[in-house]
Every structure is written in C-alpha cells, then in structure tokens.
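Visitor: Before I ask anything, here is the structure I am working with.
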Amino acid sequence: MRDRGVGFATFLLMFTSVPRTRVWIAVGIAVVGALGFFACFPTFDGFAGGRGSDDAVTTPEAQAPDAQADVLDDAPRDVERDSPPVIFATAGGAIREMVVDDMRVCWISSSRVNCLTQGGTNIEAVGGTSGASHLAIDRDGIYVSFSGTKSVDWLLAGDGGRVGLVEDGSAGDLRVARDDAYFYWGTSNSLRRRAKAPDAGGETICAGGGIRTFAVDGTSVTFFHFLNSHEIARCPKQGGSSVTLDTDASTTTNVVSDGLNAAWILESGAVRLHTGTVVTTLADASASASEVAIDDRFVYYLHPRVGGGSEIVRVTKSGDAQTVVYSVDRVLSLLVATNTALFWTEAANDASTNDTIMKMVTAD
C-alpha cells in the first residue's frame, strides 16, 4: 500500500504543469487510485455482479429458493399445496349421484345420466337413461339402474349398444368391481353379482336385509344393511358368510373403499375405518359427518361449518391429523375421491336449482 502511494504522488507532480489537462488527469488519477485501493481487499457478495468467488459463503436468503424446492419435492403431496378448487361442471338440476374414474365424471340429474370427460368441455347427456336411480362406470361402459323397473342396463363403451344385465326387478344400489370382471347389486335380502358378459347369469354371494350401499375391493364387499341395528358387514367376493364390522351405522351413509380399507359413517356422525384387521374411529361424533370419501392416502368427510355452510375435512388413516381443506357458505352434498383429485357437489347459491361439481387436484 505504501509503494502505491509513492507512485501516485510522483505521477501527480509530473503533470501539474500542464493546465489544460490538469482537471482530466485528476479525474483519471482518482479512478485509478480507487481501483488500486479496493484491489487490496478480498471481494465479497455485497456488490452488484454477484459472488466474488466460488468459495464465498451463501446467505440463508440466497439458499432459500433451492432449499424450498427440495422440501416440496421430497415432502408428501397434500391438498394444501395443490391446485385450488375449480368448477368442473354445472348440472342441469340437482345431482343425486356422482361417480368418477380416471377418464370421466358421470352423474344423475333430472333423473338422467350426464357425463363429462376429464379435460373436456362438452357435457354428454346419455340417451335412454330417463328414470335412472343409481350409476356406475368403468372402462367398459356405463351401468344404470332404473327406479321404476328395478332393472340394470349396461351401456357399452364406444356406442357399442346396450345389454340388459338385470331384468328381474330386483336391482337396487349397484357398484362395479375393481377387478373389472363383475358388477354387483343389492336386493331386499341379498348381495348379488354377475360377470360382465351378455349371456352370464347372476349369483348370490351373501345374504343381507335391505342392502342400501356397498363398496367392492380386491377380495371382499363391504356393505350397509338394515338388519341388527343397521350393520356394516363384509363378505368374500366369491361368496360366503358375512362378518359384522360395525353397528348403528347412519341410514344415509355411503360406504367407500381404496381397494384395501373401507370407511363409513355412524348414526352419531363419527367416521370409521376398517383396515382389514380392526375398525378404528378416525373422527368422533363431534365431526357430524354426512358423506365420506377415500383415496390411497387420506379419508375425507363433509362437516357442517359453524355459522352455516359446509367444510371438507381430510384425516390421515391413522387418525392422528385432521385438516380442513375446503370451507364454503353453501351446502355440499356428495363427495368422491380418486388418487389424484377430489370432487364434490355444491348447491346453487342463487335462484337456480343447478348444482355445481367442483374439483380439487390432490396429487400429480
């Protein structure tokens, strides 16, 4: 530093006798001197232009974006960080039943079936479905039961025609098996199934009294019936004796399955889960649940919101954490989950009677 000071003084004395250049030389000298001064010190990140070296210490603020991305990529996905709910479709009336698969959403409104392909924009009114009461779908088509005739029609995919699957006037609620080999229906005193083939016959797999709703998984059927204080029971898909899982189930409950576990609601409003070996309570009677859904990670239920309206609550299958994922001042009535999205219906908030189907993405 001392040598640089001596050189600077000599340089200045040499040119002080030239008046015209005195000012410009002084400016130049000041710039050069300043550069020389700062060259004596190590560079650091406090100046524009970024880091002075690859070994410079990064501040926590500079690390934050990358660290946050790592956390989000590694963390389990949940509703709170996924897309906000969007209007999926507006129905032409009140929706009484809704079913969902990876390709489309179908529902019954004004006693007929309507479908909308996921990612599509045009609602298809399915012909020949007037008087529809229950509904199921899979890749092979649409299955519709009719309240008047108590029959079931299979509308084959791709305009492949129509097959009468149940014509004896016994059909009530119906579901499609996850193995895509059979469809099932409930009668006043039994649970029945039939292979999905035009010439196949039906068979009884287990007895029940007034079967109202059920869910089919890989090995069994879990169902609600009115016998013995509103039982939830389970029987093998291939047929056999049923086993009682629970009593005092809600007469309006739906039964849902993720392929391994089944969930339902008690008359008290509590949410229950069967894990294959035991039945546990995921939410007690204070939940006042009215509808339940399940995916591969969580159970969801509808819950009345304080002050009016409805909430959707998500609960882990261990029952150790509950989160409100949606809250609105309108009435929600149906709730369906897939492994990638949650669907529900909202009552109209104006003078119309058209329900709205909402969708919230829950996983990639």
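We name chains A, B, ... following the order of the structure tokens; residues begin at 1 in each chain, and ligands are numbered from 1 as shown.
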Hey, what's within 9 Å of region 206-218 of chain A if we count only C-alpha atoms and toss same-chain stuff fewer than 2 positions away? As a ChimeraX atom specification, please?
Guide: /A:172-179,184-192,204,220-227,233,235-237,239-242,251-262
Visitor: If you count only C-alpha atoms, which residues fall within 7 Å of region 90-92 of chain A, apart from same-chain ones fewer than 6 positions away, as a PyMOL selection string?
Guide: chain A and resi 109+354-357
Visitor: Take the residues from that selection and write them out as a PDB file, in the first residue's frame, keeping C-alpha atoms.
Guide:
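The result, stored in selection_35.pdb:
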ATOM      1  CA  SER A 109     -79.603 -35.065 -12.547  1.00  0.00           C
ATOM      2  CA  ASN A 354     -78.443 -26.216 -10.774  1.00  0.00           C
ATOM      3  CA  ASP A 355     -75.836 -27.932  -8.620  1.00  0.00           C
ATOM      4  CA  THR A 356     -72.146 -27.413  -9.354  1.00  0.00           C
ATOM      5  CA  ILE A 357     -69.470 -30.129  -9.461  1.00  0.00           C
TER       6      ILE A 357
END
Visitor: Among region 129-190 of chain A, which residues carry a DSSP assignment of strand (DSSP E), reported as a PyMOL selection string?
Guide: chain A and resi 132-138+141-146+151-156+162-166+174-176+182-186+190
Visitor: Neighbouring residues of Ser110 (chain A) were defined as those with any atom within 8 Å, considering only C-alpha atoms; residues of the same chain fewer than 2 positions away were excluded. Please report them as a PDB file with N, CA and C atoms, in the first residue's frame.
Guide:
ATOM      1  N   GLY A  92     -77.650 -29.607 -14.904  1.00  0.00           N
ATOM      2  CA  GLY A  92     -78.968 -29.076 -15.195  1.00  0.00           C
ATOM      3  C   GLY A  92     -79.976 -29.523 -14.167  1.00  0.00           C
ATOM      4  N   GLY A  93     -79.773 -29.160 -12.919  1.00  0.00           N
ATOM      5  CA  GLY A  93     -80.656 -29.559 -11.838  1.00  0.00           C
ATOM      6  C   GLY A  93     -79.870 -30.072 -10.654  1.00  0.00           C
ATOM      7  N   ALA A  94     -80.576 -30.643  -9.680  1.00  0.00           N
ATOM      8  CA  ALA A  94     -79.938 -31.208  -8.502  1.00  0.00           C
ATOM      9  C   ALA A  94     -79.287 -32.540  -8.847  1.00  0.00           C
ATOM     10  N   ILE A  95     -78.089 -32.773  -8.321  1.00  0.00           N
ATOM     11  CA  ILE A  95     -77.356 -34.013  -8.583  1.00  0.00           C
ATOM     12  C   ILE A  95     -77.660 -34.999  -7.466  1.00  0.00           C
ATOM     13  N   ILE A 108     -76.179 -38.231 -12.060  1.00  0.00           N
ATOM     14  CA  ILE A 108     -77.603 -38.270 -12.356  1.00  0.00           C
ATOM     15  C   ILE A 108     -78.215 -36.945 -11.917  1.00  0.00           C
ATOM     16  N   ARG A 112     -81.707 -38.437 -15.230  1.00  0.00           N
ATOM     17  CA  ARG A 112     -80.995 -38.995 -16.370  1.00  0.00           C
ATOM     18  C   ARG A 112     -79.497 -38.840 -16.160  1.00  0.00           C
TER      19      ARG A 112
END
Visitor: Need the shell around Thr280 (chain A): protein/DNA/RNA residues with any atom at most 9 Å away, counting only C-alpha atoms. Skip same-chain ones fewer than 3 positions apart. Format as a PDB file with C-alpha atoms, in the first residue's frame?
Guide:
ATOM      1  CA  VAL A 271     -66.193 -41.635  10.833  1.00  0.00           C
ATOM      2  CA  ARG A 272     -64.996 -45.239  10.998  1.00  0.00           C
ATOM      3  CA  LEU A 273     -62.310 -47.128   9.052  1.00  0.00           C
ATOM      4  CA  HIS A 274     -61.773 -50.866   8.584  1.00  0.00           C
ATOM      5  CA  THR A 275     -58.121 -51.610   7.849  1.00  0.00           C
ATOM      6  CA  SER A 318     -54.062 -43.377  11.364  1.00  0.00           C
ATOM      7  CA  GLY A 319     -56.466 -40.728  12.651  1.00  0.00           C
TER       8      GLY A 319
END
Visitor: I'd like the neighbourhood of Asp320 (chain A) as an MDAnalysis selection string, where a residue qualifies if any of its atoms comes within 12 Å (using only C-alpha atoms), though same-chain residues fewer than 2 positions away should be ignored.
Guide: chainID A and resid 280:283 298:299 314:318 322:323
Visitor: Could you dump the residues just selected with N, CA and C atoms as a JSON list (two decimals), in the first residue's frame?
Guide:
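out04.json, freshly written:
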[["chain", "number", "residue", "atom", "x", "y", "z"],
["A", 280, "THR", "N", -61.37, -48.74, 13.36],
["A", 280, "THR", "CA", -60.94, -47.62, 14.19],
["A", 280, "THR", "C", -61.82, -46.40, 13.92],
["A", 281, "THR", "N", -61.84, -45.49, 14.89],
["A", 281, "THR", "CA", -62.57, -44.23, 14.75],
["A", 281, "THR", "C", -61.60, -43.15, 14.30],
["A", 282, "LEU", "N", -61.83, -42.58, 13.11],
["A", 282, "LEU", "CA", -60.98, -41.51, 12.60],
["A", 282, "LEU", "C", -61.43, -40.14, 13.09],
["A", 283, "ALA", "N", -62.73, -39.97, 13.26],
["A", 283, "ALA", "CA", -63.29, -38.72, 13.77],
["A", 283, "ALA", "C", -64.49, -39.07, 14.62],
["A", 298, "PHE", "N", -55.60, -40.65, 2.24],
["A", 298, "PHE", "CA", -56.43, -40.00, 3.24],
["A", 298, "PHE", "C", -57.89, -40.46, 3.15],
["A", 299, "VAL", "N", -58.62, -40.13, 4.23],
["A", 299, "VAL", "CA", -60.08, -40.21, 4.25],
["A", 299, "VAL", "C", -60.59, -38.78, 4.35],
["A", 314, "ARG", "N", -59.98, -33.42, 5.84],
["A", 314, "ARG", "CA", -59.10, -34.52, 5.48],
["A", 314, "ARG", "C", -58.48, -35.10, 6.74],
["A", 315, "VAL", "N", -58.46, -36.42, 6.85],
["A", 315, "VAL", "CA", -57.88, -37.07, 8.03],
["A", 315, "VAL", "C", -56.98, -38.21, 7.57],
["A", 316, "THR", "N", -55.85, -38.35, 8.23],
["A", 316, "THR", "CA", -54.95, -39.45, 7.92],
["A", 316, "THR", "C", -55.61, -40.77, 8.33],
["A", 317, "LYS", "N", -55.20, -41.86, 7.71],
["A", 317, "LYS", "CA", -55.81, -43.15, 8.02],
["A", 317, "LYS", "C", -55.41, -43.66, 9.39],
["A", 318, "SER", "N", -54.40, -43.06, 9.98],
["A", 318, "SER", "CA", -54.06, -43.38, 11.36],
["A", 318, "SER", "C", -54.91, -42.56, 12.33],
["A", 322, "GLN", "N", -56.05, -34.02, 11.40],
["A", 322, "GLN", "CA", -57.20, -33.59, 10.61],
["A", 322, "GLN", "C", -56.97, -32.18, 10.11],
["A", 323, "THR", "N", -57.37, -31.92, 8.88],
["A", 323, "THR", "CA", -57.17, -30.62, 8.26],
["A", 323, "THR", "C", -58.41, -30.25, 7.46]]
Visitor: One decimal, in Å: what's the spacing between CA of Val113 (chain A) and CA of Val126 (chain A)?
Guide: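 Between these atoms lies a distance of 5.5 Å.
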Visitor: Taking only C-alpha atoms into account, which of A:Lys359, A:Lys150, A:Arg330, A:Arg162 comes nearest Phe343 (chain A)?
Guide: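 Among the listed residues, the smallest separation from Phe343 (chain A) belongs to A:Lys359.
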Visitor: In Å, with one decimal, what is the gap from CA of Arg305 (chain A) to CA of Asp248 (chain A)?
Guide: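 CA of Arg305 (chain A) sits 24.3 Å away from CA of Asp248 (chain A).
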Visitor: Excluding same-chain residues fewer than 6 positions from Asp140 (chain A), what lies within 10 Å of it counting only C-alpha atoms, as a PyMOL selection string?
Guide: chain A and resi 154-158+160+180+196
Visitor: Take the selection from the previous step and output its residues with C-alpha atoms, as a short mmCIF file (atom, residue, chain, number, x, y, z; two decimals), in the first residue's frame.
Guide:
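And here is the file that came out, result-v1.cif:
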data_model
loop_
_atom_site.label_atom_id
_atom_site.label_comp_id
_atom_site.auth_asym_id
_atom_site.auth_seq_id
_atom_site.Cartn_x
_atom_site.Cartn_y
_atom_site.Cartn_z
CA TRP A 154 -75.09 -51.87 -19.45
CA LEU A 155 -74.34 -49.15 -21.99
CA LEU A 156 -71.25 -50.45 -23.75
CA ALA A 157 -68.34 -48.08 -24.31
CA GLY A 158 -67.89 -46.56 -27.75
CA GLY A 160 -71.36 -50.49 -28.58
CA ASP A 180 -63.43 -55.23 -13.91
CA LYS A 196 -69.83 -58.71 -17.45
#
Visitor: Of the residues A:Glu267, A:Arg104, A:Ile87, A:Pro304, which is the one nearest to Thr338 (chain A), using only C-alpha atoms?
Guide: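 Residue with the minimum atom-to-atom distance to Thr338 (chain A): A:Arg104.
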